[in-house]
>>> print(open('protein.cif').read())   # mmCIF, C-alpha atoms
data_query
#
loop_
_atom_site.label_atom_id
_atom_site.label_comp_id
_atom_site.auth_asym_id
_atom_site.auth_seq_id
_atom_site.Cartn_x
_atom_site.Cartn_y
_atom_site.Cartn_z
CA MET A 406 -13.33 -0.61 18.12
CA THR A 407 -15.87 -1.17 15.38
CA ALA A 408 -17.73 -4.38 14.68
CA ALA A 409 -15.57 -5.00 11.60
CA MET A 410 -12.35 -4.71 13.58
CA THR A 411 -13.72 -6.94 16.33
CA ALA A 412 -14.60 -9.64 13.81
CA ASN A 413 -11.10 -9.55 12.35
CA SER A 414 -9.55 -9.65 15.80
CA TYR A 415 -11.13 -12.99 16.56
CA GLN A 416 -10.28 -14.78 13.35
CA PRO A 417 -8.36 -18.06 13.82
CA LYS A 418 -4.62 -17.38 13.80
CA ASN A 419 -3.10 -17.80 10.34
CA ARG A 420 -0.33 -20.36 9.78
CA TYR A 421 2.36 -19.64 7.20
CA TYR A 422 4.50 -21.95 5.09
CA ASP A 423 7.07 -21.59 2.34
CA GLN A 424 5.50 -22.68 -0.96
CA ALA A 425 8.82 -22.33 -2.82
CA ALA A 426 10.56 -24.71 -0.39
CA GLU A 427 7.82 -27.28 -0.90
CA ARG A 428 8.24 -27.12 -4.67
CA ILE A 429 12.01 -27.53 -4.35
CA ARG A 430 11.70 -30.60 -2.12
CA ALA A 431 9.22 -32.18 -4.50
CA LYS A 432 11.51 -31.45 -7.46
CA MET A 433 14.56 -32.94 -5.74
CA ALA A 434 12.64 -36.11 -4.91
CA GLU A 435 11.52 -36.32 -8.52
CA LEU A 436 15.10 -36.02 -9.78
CA GLN A 437 16.13 -39.01 -7.73
CA LYS A 438 14.19 -41.22 -10.13
CA ALA A 439 16.94 -40.82 -12.72
CA GLY A 440 19.73 -42.16 -10.51
CA PRO A 441 20.77 -45.87 -10.85
CA SER A 442 22.85 -45.95 -7.67
CA ALA A 443 20.13 -47.77 -5.68
CA TRP A 444 19.87 -50.47 -8.34
CA LEU A 445 23.62 -51.19 -8.01
CA ALA A 446 23.05 -51.69 -4.28
CA GLY A 447 20.72 -54.59 -5.08
CA GLU A 448 17.38 -52.72 -5.38
CA THR A 449 15.37 -53.58 -8.48
CA ARG A 450 14.37 -50.80 -10.81
CA GLU A 451 10.69 -51.30 -10.00
CA ALA A 452 11.31 -51.18 -6.25
CA HIS A 453 13.48 -48.09 -6.67
CA LEU A 454 10.83 -46.21 -8.66
CA ALA A 455 8.12 -47.17 -6.17
CA ARG A 456 10.24 -45.92 -3.25
CA VAL A 457 11.20 -42.57 -4.78
CA ALA A 458 7.59 -41.99 -5.87
CA ALA A 459 6.48 -42.47 -2.26
CA GLU A 460 9.25 -40.12 -1.09
CA ALA A 461 8.24 -37.48 -3.63
CA LYS A 462 4.66 -37.65 -2.45
CA ALA A 463 5.76 -37.33 1.16
CA ALA A 464 8.05 -34.40 0.33
CA ALA A 465 5.18 -32.57 -1.33
CA THR A 466 2.85 -33.06 1.62
CA VAL A 467 5.24 -32.43 4.53
CA ARG A 468 4.76 -28.80 5.44
CA GLU A 469 7.20 -26.66 7.39
CA TYR A 470 5.44 -23.74 9.03
CA LEU A 471 7.05 -20.34 9.55
CA ALA A 472 6.96 -18.38 12.78
CA PRO A 473 4.66 -15.31 12.55
CA GLN A 474 7.61 -13.11 13.56
CA THR A 475 9.61 -14.41 10.59
CA VAL A 476 6.72 -13.60 8.26
CA GLY A 477 6.37 -10.13 9.77
CA ASN A 478 10.08 -9.37 9.36
CA LYS A 479 10.01 -10.38 5.70
CA VAL A 480 6.90 -8.30 5.03
CA GLU A 481 8.36 -5.24 6.76
CA LYS A 482 11.52 -5.37 4.62
CA TYR A 483 9.40 -5.87 1.51
CA MET A 484 7.23 -2.84 2.35
CA GLU A 485 10.33 -0.69 2.86
CA ALA A 486 11.42 -1.58 -0.68
CA VAL A 487 7.91 -0.78 -1.93
CA GLY A 488 8.03 2.59 -0.14
CA ARG A 489 11.35 3.59 -1.72
CA LYS A 490 10.09 2.66 -5.17
CA ALA A 491 6.77 4.47 -4.67
CA PHE A 492 8.54 7.65 -3.54
CA ALA A 493 10.82 7.64 -6.58
CA GLU A 494 7.92 7.16 -9.01
CA VAL A 495 5.70 9.81 -7.41
CA ALA A 496 8.47 12.39 -6.87
CA ASN A 497 9.61 12.12 -10.50
CA ALA A 498 6.08 12.71 -11.76
CA LEU A 499 5.29 15.78 -9.61
CA PRO A 500 5.69 19.40 -10.79
CA ARG A 501 8.32 21.51 -9.04
CA HIS A 502 5.88 23.43 -6.82
CA VAL A 503 4.82 20.21 -5.06
CA GLN A 504 7.74 19.49 -2.75
CA LEU A 505 7.39 15.84 -1.74
CA LYS A 506 9.80 15.12 1.10
CA SER A 507 11.20 11.65 1.50
CA VAL A 508 10.98 9.77 4.79
CA GLU A 509 13.00 6.74 5.76
CA PRO A 510 10.65 3.81 5.04
CA ASN A 511 9.73 2.02 8.23
CA GLY A 512 7.82 -1.09 7.20
CA GLN A 513 5.34 -2.37 9.75
CA SER A 514 3.28 -5.54 9.80
CA LEU A 515 -0.05 -6.11 11.50
CA VAL A 516 0.13 -7.97 14.79
CA LYS A 517 -2.78 -10.31 14.04
CA HIS A 518 -1.97 -10.63 10.33
CA PRO A 519 1.83 -10.39 9.94
CA HIS A 520 1.61 -11.05 6.20
CA LEU A 521 -0.11 -7.67 5.84
CA GLY A 522 2.08 -4.58 6.05
CA PHE A 523 2.34 -0.86 5.33
CA THR A 524 4.87 1.96 5.29
CA LYS A 525 4.96 5.74 5.11
CA PHE A 526 6.99 6.92 2.12
CA GLY A 527 6.53 10.67 1.70
CA THR A 528 5.03 13.91 2.97
CA PHE A 529 4.25 17.41 1.68
CA ASP A 530 2.66 20.58 3.06
CA VAL A 531 -0.02 22.82 1.57
CA THR A 532 -0.78 26.36 2.79
CA ASN A 533 -4.50 27.01 2.62
CA LYS A 534 -6.27 30.31 1.85
CA ASP A 535 -6.92 30.92 5.56
CA GLY A 536 -3.20 30.61 6.31
CA SER A 537 -3.45 27.18 7.93
CA VAL A 538 -1.07 24.43 6.82
CA THR A 539 -2.13 20.88 5.99
CA THR A 540 0.40 18.06 5.98
CA PHE A 541 -0.26 15.12 3.67
CA ASN A 542 1.41 11.88 4.71
CA LEU A 543 1.65 9.25 1.97
CA PHE A 544 1.49 5.52 2.72
CA ALA A 545 1.62 2.23 0.84
CA ALA A 546 0.06 -1.04 2.01
CA ASN A 547 -0.04 -4.54 0.51
CA PHE A 548 -3.74 -4.88 1.31
CA ARG A 549 -6.88 -2.78 0.95
CA ALA A 550 -8.81 -1.62 4.02
CA ASP A 551 -10.06 1.59 5.65
CA PRO A 552 -7.05 3.51 7.03
CA ILE A 553 -7.55 5.31 10.35
CA GLN A 554 -5.07 7.57 12.08
CA LYS A 555 -5.61 7.99 15.82
CA ASP A 556 -3.18 9.54 18.26
CA GLY A 557 -0.46 9.27 15.62
CA LEU A 558 -1.02 5.52 15.22
CA GLN A 559 -2.05 3.69 12.05
CA MET A 560 -5.12 1.48 12.38
CA PHE A 561 -7.23 -0.31 9.79
CA ASP A 562 -10.89 -1.17 9.62
CA ARG A 563 -12.77 -3.51 7.27
CA ILE A 564 -9.74 -5.76 6.63
CA PRO A 565 -10.82 -8.53 4.23
CA LYS A 566 -11.04 -11.97 5.79
CA GLN A 567 -7.71 -13.72 5.37
CA PHE A 568 -7.46 -17.34 4.24
CA ASP A 569 -5.04 -19.50 2.27
CA GLY A 570 -4.98 -18.29 -1.34
CA VAL A 571 -6.66 -14.93 -0.74
CA LYS A 572 -5.59 -12.22 -3.18
CA ASN A 573 -5.03 -8.92 -1.37
CA GLU A 574 -5.10 -5.70 -3.38
CA ALA A 575 -2.39 -3.13 -2.66
CA MET A 576 -3.32 0.48 -1.91
CA LEU A 577 -1.65 3.88 -1.69
CA TYR A 578 -3.28 6.51 0.47
CA ALA A 579 -2.74 9.89 2.09
CA HIS A 580 -3.70 11.21 5.52
CA ALA A 581 -4.49 14.94 5.68
CA ILE A 582 -3.39 16.36 9.04
CA ASN A 583 -3.73 19.94 10.33
CA LYS A 584 -0.12 20.87 11.08
CA ALA A 585 -1.03 23.11 14.04
CA THR A 586 -3.37 20.74 15.85
CA GLY A 587 -2.20 17.30 14.66
CA LEU A 588 -5.83 16.39 14.00
CA PRO A 589 -7.38 15.15 10.73
CA ASP A 590 -8.10 17.99 8.32
CA GLN A 591 -11.58 17.00 7.26
CA ARG A 592 -11.70 19.63 4.52
CA PHE A 593 -9.76 17.19 2.33
CA ALA A 594 -11.64 14.02 3.26
CA ALA A 595 -12.64 12.03 0.17
CA ASN A 596 -15.08 10.02 2.29
CA PRO A 597 -16.89 11.48 5.33
CA ASP A 598 -16.53 8.14 7.11
CA LEU A 599 -12.73 8.45 6.86
CA PRO A 600 -12.08 12.03 7.99
CA SER A 601 -8.30 12.02 7.49
CA VAL A 602 -8.02 10.10 4.21
CA ALA A 603 -7.51 12.47 1.28
CA PHE A 604 -7.25 9.71 -1.30
CA ARG A 605 -6.96 5.93 -1.58
CA LEU A 606 -5.74 4.49 -4.87
CA GLY A 607 -4.61 1.20 -6.32
CA ASP A 608 -2.24 2.56 -8.98
CA VAL A 609 0.95 4.42 -8.08
CA LYS A 610 0.78 6.24 -11.44
CA LYS A 611 -2.34 8.10 -10.24
CA VAL A 612 -0.83 9.24 -6.94
CA ALA A 613 1.07 12.20 -8.45
CA GLU A 614 -2.14 13.46 -10.07
CA ALA A 615 -3.97 13.22 -6.75
CA CYS A 616 -1.16 15.12 -4.99
CA CYS A 617 -1.35 17.88 -7.60
CA ARG A 618 -5.08 18.30 -7.01
CA LEU A 619 -4.48 18.63 -3.26
CA ALA A 620 -1.61 21.08 -3.69
CA GLY A 621 -3.51 23.28 -6.13
CA PRO A 622 -1.99 25.34 -8.96
CA ALA A 623 1.55 26.67 -8.93
CA PRO A 624 2.08 30.15 -7.36
CA GLU A 625 2.52 31.83 -10.74
CA GLN A 626 -0.73 30.28 -11.93
CA ARG A 627 -2.53 31.46 -8.79
CA ASN A 628 -1.17 34.99 -9.29
CA ALA A 629 -2.31 35.01 -12.92
CA MET A 630 -5.78 33.83 -11.91
CA SER A 631 -5.93 36.50 -9.19
CA MET A 632 -4.96 39.24 -11.65
CA GLN A 633 -7.63 38.10 -14.07
CA GLN A 634 -10.27 38.17 -11.35
CA SER A 635 -9.23 41.62 -10.08
CA ALA A 636 -8.86 43.26 -13.51
CA PRO A 637 -11.71 45.75 -14.32
CA ARG A 638 -14.17 44.51 -16.87
CA PRO A 639 -14.16 46.54 -20.12
CA ASN A 640 -17.22 48.74 -20.73
CA LEU A 641 -19.46 48.33 -23.72
CA GLN A 642 -17.63 50.97 -25.76
CA GLN A 643 -14.27 49.31 -25.11
CA ARG A 644 -15.70 46.02 -26.29
CA GLY A 645 -16.90 47.68 -29.47
CA LEU A 646 -20.60 47.57 -28.62
CA ARG A 647 -22.78 50.63 -29.27
CA PHE A 648 -26.46 51.26 -28.85
CA GLY A 649 -28.65 53.93 -30.38
#
>>> encode(input="protein.cif", output="structure tokens")
Amino acid sequence: MTAAMTANSYQPKNRYYDQAAERIRAKMAELQKAGPSAWLAGETREAHLARVAAEAKAAATVREYLAPQTVGNKVEKYMEAVGRKAFAEVANALPRHVQLKSVEPNGQSLVKHPHLGFTKFGTFDVTNKDGSVTTFNLFAANFRADPIQKDGLQMFDRIPKQFDGVKNEAMLYAHAINKATGLPDQRFAANPDLPSVAFRLGDVKKVAEACCRLAGPAPEQRNAMSMQQSAPRPNLQQRGLRFG
């Protein structure tokens, strides 16, 4: 465990509340000001307005906290929806020779930060020149950090410090895995410090382009390039050049 992960592990536990519910309670208390029913019960208008104003203030400040498990469940369902949408957008933008396979989104939330989640949403294979096969697994997360794959598990380093009001940036990334060994294929590493991460992007529209770069040209394009490289070069006379 790195120093960054240790620091995040010992952050104070986050507490979660429903901002929308607070706004609704405050609005309902505010609406009560328009009702004359309390005046008919013998309460003066001034006393009525003073009471409902105090109730509105109390409604806005009373905070109902959510259980971390509830937050995690909501985030996991949200990430599954994100995964299905990301797959559709990327698959529609890819050329035919890049066969992106769908996977059933399985949203997961982080144990220590259940408001942060991720999901795998697609996979494709690439056969390399040496005959080896690399599998690229595509993921989406609602936060930006350093993805690490170890023993088939997803881990994250350098998670930004979480506090009320923090704005987390979403990311889409791909792990490059040697299909025969199950180990990171470092030939595709975009950053030597993250040996399995082939790309990490913030815009789903750029994911298809990144996948195309990893997959390489279509077979017919590779064959055409190979023929051009193997074709004999014309001699000087064939190119219309003469000396003497």
>>> atom_distance(input="protein.cif", atom1="CA of Glu494 (chain A)", atom2="CA of Thr475 (chain A)")
29.2 Å
>>> atom_distance(input="protein.cif", atom1="CA of Ser537 (chain A)", atom2="CA of Pro597 (chain A)")
20.8 Å
>>> residues_around(input="protein.cif", residues="Ala585 (chain A)", least_positions_apart="5", cutoff="12 Å", atoms="all atoms listed in the file", output="NGL selection string")
:A and (530 or 532 or 536-540 or 590)
>>> resolve_selection(input="protein.cif", expression="the PyMOL selection byres ((chain A and resi 558) around 12)", output="list of chain:residue names")
A:Gln513, A:Lys525, A:Pro552, A:Ile553, A:Gln554, A:Lys555, A:Asp556, A:Gly557, A:Gln559, A:Met560, A:Phe561, A:His580, A:Gly587, A:Leu588
>>> atom_distance(input="protein.cif", atom1="CA of Gly570 (chain A)", atom2="CA of Glu481 (chain A)")
20.3 Å
>>> resolve_selection(input="protein.cif", expression="the PyMOL selection byres ((chain A and resi 543) around 6)", output="list in words")
Lys525, Phe526, Gly527, Thr528, Asn542, Phe544, Tyr578 and Ala579 of chain A
>>> resolve_selection(input="protein.cif", expression="the PyMOL selection byres ((chain A and resi 489) around 10)", output="ChimeraX atom specification")
/A:484-488,490-494,507-510,524-527
>>> closest_residue(input="protein.cif", among="A:Ala613, A:Ala594, A:Gln567, A:Asp423", to="Ala472 (chain A)", atoms="all atoms listed in the file")
A:Asp423
>>> closest_residue(input="protein.cif", among="A:Tyr483, A:Phe568, A:Phe523, A:Phe604", to="Phe541 (chain A)", atoms="only C-alpha atoms")
A:Phe604
>>> closest_residue(input="protein.cif", among="A:Ala455, A:Ala581, A:Met576, A:Leu599", to="Lys611 (chain A)", atoms="all atoms listed in the file")
A:Met576
>>> closest_residue(input="protein.cif", among="A:Leu577, A:Val516, A:Asp551, A:Arg420", to="Asp608 (chain A)", atoms="all atoms listed in the file")
A:Leu577
>>> closest_residue(input="protein.cif", among="A:Ala452, A:Val476, A:Val495, A:Ala459", to="Glu614 (chain A)", atoms="all atoms listed in the file")
A:Val495
>>> closest_residue(input="protein.cif", among="A:Lys506, A:Lys479, A:Arg450, A:Lys534", to="Gly522 (chain A)", atoms="only C-alpha atoms")
A:Lys479
